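**Q** First, the structure itself, so that you have it in front of you.
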Amino acid sequence: MEGPYKYIREGNGKVTRVIRMGTRKSQLARIQTDSVAEKLKELYPDLQLEIVAMSTIGDKILDTALSKIGEKSLFTKELENALERNEVDLVVHSLKDLPTSLPPGFTIGAVLERENPHDAVVLHPKNAGLTLDSLPEKSVIGTSSLRRAAQLKKRFPQLEFENIRGNLNTRLKKLDEKEDFAAIILAAAGLKRMGWESRISQVHLSTLLYTKLPRCYLGAVYSLDGADCLKDTMQTNIELDNKVNESTEEHVNVAITANNISVTALSAAEKLGLDLANLLLTKGAKDILTTARQLNDAR
């Protein structure tokens, strides 16, 4: 058959369309994509799926901090390009990797139930039994996230924080086989999906724009060293009743396609986040962010 889609002819002569799922090549990304495929097969047993794995900019550049690379869509751009060229029919991302604004014509079609949202401390084997509070002063903690480093610097000023890159396997290997880091900070969800929950020594809640739907946002802005911090909370009532009568078509600004959730509810959730961001800006968040960008660029 002609067209941008892929089809296969089964033994009985039936022609079936193949749904091509784009994903990153890392082991964790494949595990996450496989879980999505399993759920789709549960819902649509006759569905034919093909997983198309590819490397992204973030996967290829491993000797530079993410904040220094300069590309906004570090872990999504190649997948988005493949989707635009009709080389895949959908892509699976971690929501945290998505840019703030999706490309024109793209939408978030589904979001799986949230996994453990906490950040986890993974200690070097020689530090087993310790915590961030009890590690020796000047101990070096590895993280690939400016956000995590800024938050932790404020909470643990006696520790030092340095960049560590690579996929989950690579970062754990760098921790265990070298003496560069006393511990590293990783997402608890990733460790759980990889079957490495036993490596979690301590958990702490990620607080930068942590979302507790349906009605509350907690927002925070930190300087790079964690010394300056602005926090605020805002809440509203958002009706998530499945029995909605109004149109549930894609809302362009939110870029989410959600069955049985009204445009009003999606807009209210978006407005809450924007209102909180504007509130933080009026309190001086812009100055903190501008200084942070300048310091980061100067490194």
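Going by the structure tokens order, chains are called A, B, ..., each with residues numbered from 1, while ligands are numbered from 1 in the order shown.
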Just the residues within 10 Å of Lys154 (chain A), please, counting only C-alpha atoms, with nothing from its chain fewer than 3 positions along; format it as a list of chain:residue names.
**A**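 Neighbouring residues, sequence-local ones excluded: A:Ala149, A:Ala150, A:Gln151, A:Pro157, A:Gln158, A:Leu159, A:Tyr222, A:Ser223, A:Leu224, A:Asp225, A:Gly226, A:Ala227, A:Asp228, A:Cys229.
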**Q** Grab the residues selected above and save them as a PDB file, in the first residue's frame with C-alpha atoms.
**A**
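Result saved to out-v7.pdb:
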ATOM      1  CA  ALA A 149      22.403  20.680  42.541  1.00  0.00           C
ATOM      2  CA  ALA A 150      20.921  24.087  43.458  1.00  0.00           C
ATOM      3  CA  GLN A 151      18.322  22.568  45.778  1.00  0.00           C
ATOM      4  CA  PRO A 157      26.087  23.532  52.129  1.00  0.00           C
ATOM      5  CA  GLN A 158      28.864  21.370  53.577  1.00  0.00           C
ATOM      6  CA  LEU A 159      28.876  19.146  50.467  1.00  0.00           C
ATOM      7  CA  TYR A 222      17.068  28.722  42.994  1.00  0.00           C
ATOM      8  CA  SER A 223      20.404  30.385  42.325  1.00  0.00           C
ATOM      9  CA  LEU A 224      23.156  28.002  41.160  1.00  0.00           C
ATOM     10  CA  ASP A 225      24.697  27.850  44.629  1.00  0.00           C
ATOM     11  CA  GLY A 226      21.324  27.466  46.327  1.00  0.00           C
ATOM     12  CA  ALA A 227      21.869  30.597  48.433  1.00  0.00           C
ATOM     13  CA  ASP A 228      18.992  32.514  46.858  1.00  0.00           C
ATOM     14  CA  CYS A 229      15.628  30.795  46.762  1.00  0.00           C
TER      15      CYS A 229
END
**Q** Pick out the residues sitting within 9 Å of Lys25 (chain A), and hand them over as a PyMOL selection string; count only C-alpha atoms, and ignore anything fewer than 5 positions along from it in its own chain.
**A** chain A and resi 30+52-56+59
**Q** Could you find all residues in region 136-217 of chain A that DSSP calls helix (DSSP H, G or I) from the backbone, and write them as a PyMOL selection string?
**A** chain A and resi 146-155+168-177+188-193+197-199
**Q** Any chance you could export the current selection's N, CA and C atoms as a short mmCIF file (atom, residue, chain, number, x, y, z; two decimals), in the first residue's frame?
**A**
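Okay, this is what ended up in selection16.cif:
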data_model
loop_
_atom_site.label_atom_id
_atom_site.label_comp_id
_atom_site.auth_asym_id
_atom_site.auth_seq_id
_atom_site.Cartn_x
_atom_site.Cartn_y
_atom_site.Cartn_z
N LEU A 146 21.13 20.80 37.05
CA LEU A 146 21.36 22.05 37.76
C LEU A 146 20.33 22.25 38.86
N ARG A 147 19.10 21.85 38.56
CA ARG A 147 18.02 22.01 39.53
C ARG A 147 18.31 21.21 40.80
N ARG A 148 18.69 19.96 40.63
CA ARG A 148 18.99 19.14 41.81
C ARG A 148 20.17 19.73 42.59
N ALA A 149 21.22 20.14 41.87
CA ALA A 149 22.40 20.68 42.54
C ALA A 149 22.06 21.93 43.35
N ALA A 150 21.27 22.85 42.77
CA ALA A 150 20.92 24.09 43.46
C ALA A 150 20.11 23.81 44.72
N GLN A 151 19.14 22.90 44.62
CA GLN A 151 18.32 22.57 45.78
C GLN A 151 19.16 21.95 46.89
N LEU A 152 20.04 21.04 46.49
CA LEU A 152 20.83 20.32 47.49
C LEU A 152 21.92 21.20 48.11
N LYS A 153 22.45 22.13 47.33
CA LYS A 153 23.46 23.05 47.89
C LYS A 153 22.87 23.87 49.02
N LYS A 154 21.61 24.25 48.87
CA LYS A 154 20.95 25.03 49.92
C LYS A 154 20.73 24.18 51.17
N ARG A 155 20.36 22.93 50.96
CA ARG A 155 20.07 22.03 52.09
C ARG A 155 21.33 21.46 52.72
N LEU A 168 22.01 5.60 32.95
CA LEU A 168 21.98 5.12 34.32
C LEU A 168 23.10 4.12 34.58
N ASN A 169 23.31 3.20 33.66
CA ASN A 169 24.36 2.20 33.82
C ASN A 169 25.73 2.86 33.93
N THR A 170 25.98 3.84 33.05
CA THR A 170 27.27 4.51 33.02
C THR A 170 27.54 5.29 34.31
N ARG A 171 26.52 6.00 34.80
CA ARG A 171 26.72 6.79 36.01
C ARG A 171 26.97 5.91 37.24
N LEU A 172 26.27 4.80 37.32
CA LEU A 172 26.51 3.88 38.44
C LEU A 172 27.91 3.28 38.36
N LYS A 173 28.37 3.00 37.14
CA LYS A 173 29.72 2.46 36.97
C LYS A 173 30.77 3.49 37.38
N LYS A 174 30.54 4.76 37.01
CA LYS A 174 31.48 5.82 37.41
C LYS A 174 31.52 5.96 38.92
N LEU A 175 30.38 5.80 39.57
CA LEU A 175 30.33 5.89 41.03
C LEU A 175 31.08 4.73 41.68
N ASP A 176 30.79 3.52 41.25
CA ASP A 176 31.31 2.33 41.93
C ASP A 176 32.79 2.07 41.67
N GLU A 177 33.26 2.38 40.45
CA GLU A 177 34.61 1.97 40.07
C GLU A 177 35.66 3.06 40.24
N ALA A 188 14.46 8.07 41.35
CA ALA A 188 14.07 6.79 41.93
C ALA A 188 13.30 5.93 40.92
N ALA A 189 12.51 6.59 40.07
CA ALA A 189 11.71 5.84 39.09
C ALA A 189 12.59 5.03 38.15
N GLY A 190 13.68 5.63 37.68
CA GLY A 190 14.57 4.92 36.77
C GLY A 190 15.23 3.73 37.43
N LEU A 191 15.66 3.90 38.67
CA LEU A 191 16.28 2.79 39.40
C LEU A 191 15.28 1.65 39.59
N LYS A 192 14.04 2.01 39.89
CA LYS A 192 13.02 0.98 40.07
C LYS A 192 12.77 0.22 38.78
N ARG A 193 12.63 0.95 37.67
CA ARG A 193 12.36 0.29 36.39
C ARG A 193 13.50 -0.62 35.96
N GLU A 197 16.38 -1.03 42.81
CA GLU A 197 15.89 -0.33 43.99
C GLU A 197 16.79 -0.52 45.20
N SER A 198 17.51 -1.64 45.24
CA SER A 198 18.38 -1.91 46.39
C SER A 198 19.53 -0.91 46.49
N ARG A 199 19.81 -0.17 45.40
CA ARG A 199 20.89 0.82 45.43
C ARG A 199 20.44 2.14 46.05
#
**Q** Within 7 Å of region 131-143 of chain A, counting only C-alpha atoms, which residues qualify if same-chain residues fewer than 3 places away don't, as a ChimeraX atom specification?
**A** /A:149,158-164,181-185,202
**Q** So, with only C-alpha atoms as the atoms that count, which of A:Pro99, A:Val92, A:Tyr5, A:Lys178 lies closest to His124 (chain A)?
**A** A:Lys178
**Q** Using CA of Ala187 (chain A) and CA of Asp119 (chain A) as the two end points, give the distance in Å to one decimal.
**A**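 These atoms are spaced 4.6 Å apart.
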**Q** At what distance in Å, to one decimal, does CA of His118 (chain A) lie from CA of Leu40 (chain A)?
**A**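 Computed distance, CA of Leu40 (chain A) to CA of His118 (chain A), equals 26.7 Å.
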**Q** Among region 88-155 of chain A, which residues carry a DSSP assignment of strand (DSSP E), reported as a list of chain:residue names?
**A** A:Leu90, A:Val91, A:Asp119, A:Ala120, A:Val121, A:Val122, A:Leu123, A:Val140, A:Ile141, A:Gly142, A:Thr143
**Q** From the list A:Ala269, A:Ala220, A:Leu281, A:Val263, which residue is nearest Thr236 (chain A) when using only C-alpha atoms?
**A**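 Smallest distance to Thr236 (chain A) is found for A:Ala269.
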**Q** For Ala29 (chain A), which of A:Asn81, A:Ser145, A:Asn278, A:Asn167 is the closest residue, counting only C-alpha atoms?
**A** A:Asn167
**Q** For a test of reading the model, state the distance in Å between CA of Gln235 (chain A) and CA of Val203 (chain A), rounded to one decimal.
**A**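 Pair CA of Gln235 (chain A) / CA of Val203 (chain A) returns 25.9 Å.
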